[in-house]
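Contents: one structure, followed by commentary.
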Amino acid sequence: MTVTAGTIAFTKAFTDDPVAPGGTVELEFNLRNLDRFDDATGITFTDDLDATLSGLVATGLPVANVCGPGSTLSGTSMLSLTGGSLAADGGSCTFSVTLQVPAGAAPGGYPNTTSALMATLGGSPFVGPPATETLFVSDAPTLTKTFLTSPVGAGDMVTVRFSLTNNSTTAPATGISFLDNLDVFLSGVSVASLPAAGYCGAGSTISAIIVASQLNLSVNGANLPAGGSCTFDVDLTIPAGTPGGSYVNTTGIVTASVGGMARLGRPASDTLVIAAGPSIQKEFTDDPVAPGGMVTLQFTLEHAEGAAIPATGITFTDDLAATLAGLTATGL
C-alpha cells in the first residue's frame, strides 16, 4: 500500500526576494508529520534549481542533520534531501539554503517546484505532493543602511549611512525615492545634519518632513547610471532619557524607474543599541532628626557591570531649599 494523503505537510518559501541579478536569496523548506501514530522515515525530495532559472545554484552544501539525525541536504544546481525523519504527531523540521542568482538573470518571476516527497510512514511507502514557490528577480535599486556607531548613549549623536545601488547593468535608475519614519524608530529623535543636494546624482535631495504628525527622512530624485552606486550619511540626535534597549529602524519601500520601467525595491533596516545610563539613589540614613539637628544624606550612583559603554561626565543637582526652607549642606 502506498500512502498518498497529505500526511506530511511540505512547503517552501523564498524568504527575502525579490532579489537582484547576481545577488543571493534564502530558500526555506518546512516539513511536518501530521500522522498521530507513525514516525516518518527515509524522507527524500529533489529540487531542480537550474530548471527554475539557468545558472541558479546553491551554496554552502552539503549540510548534515537538517531534518533528523543522518539526514543530508546536498547539491548545487540540483538540491537533494536524503534520510530525513519526523516524529509522529507533529514532528517538524525547518531548514534553509542560500542560492546564488546568476548576474544575467532577467527581471521576472521564476516558478520553482520540487519533486514529489517520498518517505516511509507506518511501514508503507508515502508519496506526497511537491512544494511550489515563485522566485522573483528584480533590477530595482538596492538600499542598505547602517548605524556607524552602536551602542550609543541617550543624548548622543549617531550617524546612519545609506547606500543605493543600481542593479541594472544596462539601464540607468532615475527618480529613486524612499521615506524613513524616524518617529516609529524612536520617538523624539531629531535630525542633526543632512547631505547637500546632489549627493546621489543631479537633482537628488533629502529633507526632514512631517508626515501624519511623524518625522520622516524624505529621499527624492536620486539618479544612478547602470551599475552605479552612491553613499550618504545622516546625523541623528538621540533624545536624552531614552531607555536602554535595541531600536529597529526600517525604511519604506524604494521606488524608481529603471530603463523607463517602474520598479519597487525592498526596504532597508538596521538596529541601534542604546546603552542604559547610570542610576542614582538617595537616602536619609539617620532620620528622623530633631529641629536644628544634623542628618546624613547618602547618594549611590550605579552603572551596570555589563553596560555596553562607560558612563562619563556624570552630573546632577539637588535643591535642598525646595525640600525644606533653610535646609543646607555642610562640609562642602
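Starting from 1 in every chain, residues are counted up; chains themselves are A, B, ... following the order of the C-alpha cells, and ligands are numbered from 1 as listed.
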Region 57-258 of chain A: which residues are strand (DSSP E) by DSSP, as a ChimeraX atom specification?
-> /A:57-59,63-64,72-74,78-86,92-100,108-113,117-121,124-128,132-137,142-147,152-153,157-165,173-181,190-193,205-211,214-224,229-237,245-250,254-258
Keeping only C-alpha atoms, write the selected residues as a CSV table (one decimal), in the first residue's frame.
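Written out: result_33.csv:
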chain,number,residue,atom,x,y,z
A,57,VAL,CA,22.9,27.4,-7.7
A,58,ALA,CA,23.0,26.5,-4.0
A,59,THR,CA,26.0,27.5,-1.9
A,63,VAL,CA,24.8,20.2,5.3
A,64,ALA,CA,24.1,17.2,7.7
A,72,THR,CA,21.7,15.4,4.4
A,73,LEU,CA,20.9,18.3,2.1
A,74,SER,CA,23.3,18.4,-0.8
A,78,MET,CA,20.0,20.1,-8.1
A,79,LEU,CA,19.1,20.1,-4.4
A,80,SER,CA,18.6,16.7,-2.8
A,81,LEU,CA,17.4,15.8,0.7
A,82,THR,CA,18.0,12.3,1.8
A,83,GLY,CA,17.5,10.4,5.1
A,84,GLY,CA,15.0,12.8,6.6
A,85,SER,CA,12.9,11.7,9.6
A,86,LEU,CA,10.0,13.2,11.6
A,92,SER,CA,8.7,19.0,12.2
A,93,CYS,CA,11.9,20.4,10.7
A,94,THR,CA,12.8,23.7,9.0
A,95,PHE,CA,16.0,24.3,7.1
A,96,SER,CA,17.2,26.8,4.5
A,97,VAL,CA,19.8,27.1,1.8
A,98,THR,CA,21.5,30.2,0.2
A,99,LEU,CA,21.0,30.4,-3.5
A,100,GLN,CA,23.2,32.4,-5.9
A,108,GLY,CA,10.6,38.5,-13.6
A,109,GLY,CA,9.0,35.6,-11.7
A,110,TYR,CA,10.5,32.1,-11.8
A,111,PRO,CA,8.3,29.2,-10.6
A,112,ASN,CA,10.2,26.6,-8.6
A,113,THR,CA,8.7,23.2,-8.0
A,117,LEU,CA,8.0,14.0,-1.4
A,118,MET,CA,9.0,10.4,-0.7
A,119,ALA,CA,9.0,8.7,2.7
A,120,THR,CA,8.1,5.6,4.7
A,121,LEU,CA,5.2,6.0,7.0
A,124,SER,CA,4.3,1.8,4.0
A,125,PRO,CA,5.7,4.0,1.2
A,126,PHE,CA,4.4,7.6,1.3
A,127,VAL,CA,4.2,9.9,-1.7
A,128,GLY,CA,3.4,13.5,-1.1
A,132,THR,CA,6.0,25.1,-5.2
A,133,GLU,CA,7.1,28.7,-4.8
A,134,THR,CA,8.0,31.5,-7.2
A,135,LEU,CA,11.3,33.3,-7.1
A,136,PHE,CA,11.1,37.0,-8.0
A,137,VAL,CA,14.1,38.7,-9.6
A,142,THR,CA,19.1,48.0,-3.6
A,143,LEU,CA,19.1,50.2,-0.4
A,144,THR,CA,21.1,49.4,2.7
A,145,LYS,CA,21.5,51.3,5.9
A,146,THR,CA,24.0,51.0,8.8
A,147,PHE,CA,24.4,52.8,12.1
A,152,VAL,CA,25.4,54.8,21.9
A,153,GLY,CA,24.1,56.6,25.0
A,157,MET,CA,24.6,61.8,18.2
A,158,VAL,CA,24.7,58.8,15.8
A,159,THR,CA,25.5,58.7,12.0
A,160,VAL,CA,23.3,56.4,9.8
A,161,ARG,CA,24.8,55.6,6.5
A,162,PHE,CA,22.6,54.8,3.4
A,163,SER,CA,23.9,53.2,0.2
A,164,LEU,CA,21.9,52.9,-3.0
A,165,THR,CA,23.0,50.5,-5.9
A,173,ALA,CA,17.9,54.2,-12.4
A,174,THR,CA,16.2,57.5,-12.1
A,175,GLY,CA,13.8,59.1,-9.7
A,176,ILE,CA,14.9,56.9,-6.8
A,177,SER,CA,12.9,57.8,-3.7
A,178,PHE,CA,12.0,56.5,-0.2
A,179,LEU,CA,10.8,57.6,3.2
A,180,ASP,CA,12.3,56.7,6.6
A,181,ASN,CA,9.9,57.2,9.5
A,190,SER,CA,15.9,64.7,15.7
A,191,VAL,CA,17.9,65.3,12.6
A,192,ALA,CA,21.3,67.0,13.3
A,193,SER,CA,22.6,67.2,9.7
A,205,THR,CA,17.5,65.9,-2.5
A,206,ILE,CA,17.0,64.8,1.1
A,207,SER,CA,14.9,66.6,3.7
A,208,ALA,CA,13.2,66.1,7.1
A,209,ILE,CA,9.5,66.4,6.7
A,210,ILE,CA,6.4,65.7,8.8
A,211,VAL,CA,4.0,63.0,7.5
A,214,GLN,CA,5.6,62.0,12.4
A,215,LEU,CA,9.1,63.0,11.5
A,216,ASN,CA,10.4,61.4,8.3
A,217,LEU,CA,13.5,61.5,6.2
A,218,SER,CA,12.4,62.0,2.6
A,219,VAL,CA,14.9,61.0,-0.2
A,220,ASN,CA,13.9,62.1,-3.7
A,221,GLY,CA,15.2,62.3,-7.2
A,222,ALA,CA,18.3,60.2,-6.8
A,223,ASN,CA,19.8,59.0,-10.1
A,224,LEU,CA,22.4,56.3,-10.8
A,229,SER,CA,26.0,53.4,-6.6
A,230,CYS,CA,26.1,56.2,-4.0
A,231,THR,CA,26.5,56.5,-0.3
A,232,PHE,CA,25.4,59.3,2.0
A,233,ASP,CA,25.2,60.0,5.8
A,234,VAL,CA,22.6,61.5,8.1
A,235,ASP,CA,23.4,62.5,11.6
A,236,LEU,CA,20.6,61.9,14.2
A,237,THR,CA,20.5,63.1,17.9
A,245,GLY,CA,17.5,48.8,24.5
A,246,SER,CA,17.5,47.8,20.8
A,247,TYR,CA,15.7,50.0,18.4
A,248,VAL,CA,15.0,48.8,14.8
A,249,ASN,CA,14.9,51.4,12.1
A,250,THR,CA,13.3,50.3,8.8
A,254,VAL,CA,12.2,52.2,-2.7
A,255,THR,CA,10.6,53.5,-5.8
A,256,ALA,CA,12.5,54.1,-9.0
A,257,SER,CA,12.4,54.0,-12.8
A,258,VAL,CA,14.9,51.6,-14.4
So that I can see what lies close to region 14-21 of chain A, please list as a short mmCIF file (atom, residue, chain, number, x, y, z; two decimals) with C-alpha atoms, in the first residue's frame the residues with an atom at most 9 Å from it, counting only C-alpha atoms and leaving out residues fewer than 3 positions away in the same chain.
data_model
loop_
_atom_site.label_atom_id
_atom_site.label_comp_id
_atom_site.auth_asym_id
_atom_site.auth_seq_id
_atom_site.Cartn_x
_atom_site.Cartn_y
_atom_site.Cartn_z
CA THR A 24 21.71 35.79 -3.09
CA VAL A 25 18.37 34.60 -1.75
CA GLU A 26 17.34 32.24 1.04
CA LEU A 27 15.17 29.24 0.18
CA GLU A 28 13.47 27.76 3.25
CA VAL A 101 21.24 34.15 -8.66
CA PRO A 102 23.09 34.50 -11.98
CA ALA A 103 24.23 38.03 -12.80
CA GLY A 104 22.50 37.93 -16.16
CA ALA A 105 19.07 36.92 -14.83
CA ALA A 106 16.25 38.92 -16.38
CA PRO A 107 13.73 40.54 -14.01
CA GLY A 109 9.00 35.57 -11.71
CA GLU A 133 7.06 28.72 -4.85
CA THR A 134 7.97 31.54 -7.23
CA LEU A 135 11.32 33.32 -7.13
CA PHE A 136 11.08 36.99 -8.04
CA VAL A 137 14.12 38.69 -9.58
CA SER A 138 14.13 42.47 -9.83
CA ASP A 139 16.62 45.05 -11.05
CA ALA A 140 15.15 47.62 -8.67
CA PRO A 141 17.81 49.61 -6.80
CA THR A 142 19.10 48.04 -3.59
CA ASN A 167 21.34 46.57 -10.09
CA SER A 168 20.77 47.04 -13.80
CA GLY A 265 12.81 47.85 -4.10
CA ARG A 266 12.95 46.28 -0.66
#
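Taking only region 41-251 of chain A, the residues that DSSP calls helix (DSSP H, G or I) from the backbone come to Leu49, Asp50, Ala51, Thr52, Leu182, Asp183, Val184 and Phe185 of chain A.
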For N, CA and C atoms, I'd like the residues from the last selection saved as a short mmCIF file (atom, residue, chain, number, x, y, z; two decimals), in the first residue's frame.
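Wrote result17.cif, looks like this:
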data_model
loop_
_atom_site.label_atom_id
_atom_site.label_comp_id
_atom_site.auth_asym_id
_atom_site.auth_seq_id
_atom_site.Cartn_x
_atom_site.Cartn_y
_atom_site.Cartn_z
N LEU A 49 17.07 23.39 -9.40
CA LEU A 49 17.21 24.84 -9.44
C LEU A 49 17.46 25.34 -10.85
N ASP A 50 18.21 24.59 -11.63
CA ASP A 50 18.54 25.02 -12.99
C ASP A 50 17.30 25.04 -13.88
N ALA A 51 16.32 24.18 -13.55
CA ALA A 51 15.07 24.20 -14.31
C ALA A 51 14.25 25.45 -13.97
N THR A 52 14.47 25.99 -12.80
CA THR A 52 13.80 27.23 -12.39
C THR A 52 14.40 28.42 -13.10
N LEU A 182 11.26 58.28 11.24
CA LEU A 182 12.14 58.31 12.40
C LEU A 182 11.37 58.20 13.71
N ASP A 183 10.15 58.73 13.75
CA ASP A 183 9.37 58.64 15.00
C ASP A 183 8.94 57.22 15.30
N VAL A 184 8.70 56.42 14.28
CA VAL A 184 8.40 55.00 14.51
C VAL A 184 9.64 54.30 15.04
N PHE A 185 10.80 54.70 14.55
CA PHE A 185 12.07 54.16 15.03
C PHE A 185 12.31 54.54 16.49
#
Within 9 Å of Thr170 (chain A), counting only C-alpha atoms, which residues qualify if same-chain residues fewer than 3 places away don't, as a PyMOL selection string?
-> chain A and resi 225-227+259
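Remark: for Pro130 (chain A), the closest of the candidate residues A:Arg263, A:Ser115, A:Pro151, A:Ile43 is A:Ser115 (distances computed over only C-alpha atoms).
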Write out as a list in words which residues come within 9 Å of Ser150 (chain A) when counting only C-alpha atoms, dropping same-chain ones fewer than 4 positions away.
-> Val158, Thr271, Leu272, Val273, Ile274 and Ala275 of chain A
Residues just named, written with N, CA and C atoms as a PDB file, in the first residue's frame:
ATOM      1  N   VAL A 158      24.353  60.036  16.486  1.00  0.00           N
ATOM      2  CA  VAL A 158      24.744  58.832  15.768  1.00  0.00           C
ATOM      3  C   VAL A 158      24.600  59.087  14.273  1.00  0.00           C
ATOM      4  N   THR A 271      19.609  47.918  13.287  1.00  0.00           N
ATOM      5  CA  THR A 271      19.250  48.039  14.699  1.00  0.00           C
ATOM      6  C   THR A 271      20.285  48.886  15.429  1.00  0.00           C
ATOM      7  N   LEU A 272      19.795  49.874  16.167  1.00  0.00           N
ATOM      8  CA  LEU A 272      20.654  50.713  17.002  1.00  0.00           C
ATOM      9  C   LEU A 272      20.479  50.295  18.455  1.00  0.00           C
ATOM     10  N   VAL A 273      21.593  50.029  19.121  1.00  0.00           N
ATOM     11  CA  VAL A 273      21.564  49.694  20.543  1.00  0.00           C
ATOM     12  C   VAL A 273      21.867  50.957  21.340  1.00  0.00           C
ATOM     13  N   ILE A 274      20.956  51.294  22.245  1.00  0.00           N
ATOM     14  CA  ILE A 274      21.156  52.423  23.146  1.00  0.00           C
ATOM     15  C   ILE A 274      21.471  51.864  24.522  1.00  0.00           C
ATOM     16  N   ALA A 275      22.625  52.236  25.036  1.00  0.00           N
ATOM     17  CA  ALA A 275      23.068  51.709  26.326  1.00  0.00           C
ATOM     18  C   ALA A 275      22.305  52.389  27.458  1.00  0.00           C
TER      19      ALA A 275
END
Could you give me, as a PyMOL selection string, the residues within 12 Å of Leu327 (chain A), counting only C-alpha atoms and dropping anything in the same chain fewer than 2 positions from it?
-> chain A and resi 291-295+297+318-325+329-330
Would you output that residue set with N, CA and C atoms, as a PDB file, in the first residue's frame?
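Generated output (out_14.pdb):
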ATOM      1  N   PRO A 291      14.532  69.208  65.096  1.00  0.00           N
ATOM      2  CA  PRO A 291      14.763  70.546  64.546  1.00  0.00           C
ATOM      3  C   PRO A 291      16.093  71.099  65.036  1.00  0.00           C
ATOM      4  N   GLY A 292      16.895  71.623  64.110  1.00  0.00           N
ATOM      5  CA  GLY A 292      18.207  72.147  64.456  1.00  0.00           C
ATOM      6  C   GLY A 292      19.297  71.103  64.456  1.00  0.00           C
ATOM      7  N   GLY A 293      18.949  69.847  64.247  1.00  0.00           N
ATOM      8  CA  GLY A 293      19.930  68.773  64.264  1.00  0.00           C
ATOM      9  C   GLY A 293      20.565  68.541  62.902  1.00  0.00           C
ATOM     10  N   MET A 294      21.433  67.537  62.864  1.00  0.00           N
ATOM     11  CA  MET A 294      22.145  67.162  61.646  1.00  0.00           C
ATOM     12  C   MET A 294      21.596  65.831  61.126  1.00  0.00           C
ATOM     13  N   VAL A 295      21.559  65.680  59.829  1.00  0.00           N
ATOM     14  CA  VAL A 295      21.116  64.441  59.207  1.00  0.00           C
ATOM     15  C   VAL A 295      22.043  64.134  58.031  1.00  0.00           C
ATOM     16  N   LEU A 297      22.673  62.642  54.346  1.00  0.00           N
ATOM     17  CA  LEU A 297      22.033  62.310  53.067  1.00  0.00           C
ATOM     18  C   LEU A 297      23.054  61.547  52.227  1.00  0.00           C
ATOM     19  N   ASP A 318      20.611  68.860  43.417  1.00  0.00           N
ATOM     20  CA  ASP A 318      19.593  68.531  44.417  1.00  0.00           C
ATOM     21  C   ASP A 318      19.255  69.821  45.167  1.00  0.00           C
ATOM     22  N   ASP A 319      18.071  70.346  44.943  1.00  0.00           N
ATOM     23  CA  ASP A 319      17.644  71.620  45.537  1.00  0.00           C
ATOM     24  C   ASP A 319      17.137  71.372  46.957  1.00  0.00           C
ATOM     25  N   LEU A 320      18.021  71.572  47.946  1.00  0.00           N
ATOM     26  CA  LEU A 320      17.654  71.303  49.340  1.00  0.00           C
ATOM     27  C   LEU A 320      16.615  72.294  49.839  1.00  0.00           C
ATOM     28  N   ALA A 321      16.724  73.552  49.425  1.00  0.00           N
ATOM     29  CA  ALA A 321      15.779  74.566  49.891  1.00  0.00           C
ATOM     30  C   ALA A 321      14.368  74.279  49.407  1.00  0.00           C
ATOM     31  N   ALA A 322      14.248  73.617  48.259  1.00  0.00           N
ATOM     32  CA  ALA A 322      12.917  73.249  47.776  1.00  0.00           C
ATOM     33  C   ALA A 322      12.316  72.143  48.631  1.00  0.00           C
ATOM     34  N   THR A 323      13.187  71.367  49.303  1.00  0.00           N
ATOM     35  CA  THR A 323      12.711  70.318  50.202  1.00  0.00           C
ATOM     36  C   THR A 323      12.234  70.919  51.519  1.00  0.00           C
ATOM     37  N   LEU A 324      13.073  71.809  52.096  1.00  0.00           N
ATOM     38  CA  LEU A 324      12.761  72.443  53.383  1.00  0.00           C
ATOM     39  C   LEU A 324      13.514  73.762  53.426  1.00  0.00           C
ATOM     40  N   ALA A 325      12.784  74.858  53.515  1.00  0.00           N
ATOM     41  CA  ALA A 325      13.429  76.174  53.561  1.00  0.00           C
ATOM     42  C   ALA A 325      14.444  76.218  54.698  1.00  0.00           C
ATOM     43  N   ALA A 329      23.572  72.133  53.191  1.00  0.00           N
ATOM     44  CA  ALA A 329      24.634  71.138  53.318  1.00  0.00           C
ATOM     45  C   ALA A 329      25.824  71.748  54.041  1.00  0.00           C
ATOM     46  N   THR A 330      26.565  70.935  54.768  1.00  0.00           N
ATOM     47  CA  THR A 330      27.773  71.384  55.460  1.00  0.00           C
ATOM     48  C   THR A 330      28.958  70.551  55.005  1.00  0.00           C
TER      49      THR A 330
END
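Reported to one decimal place, the separation of CA of Pro62 (chain A) from CA of Thr41 (chain A) is 19.8 Å.
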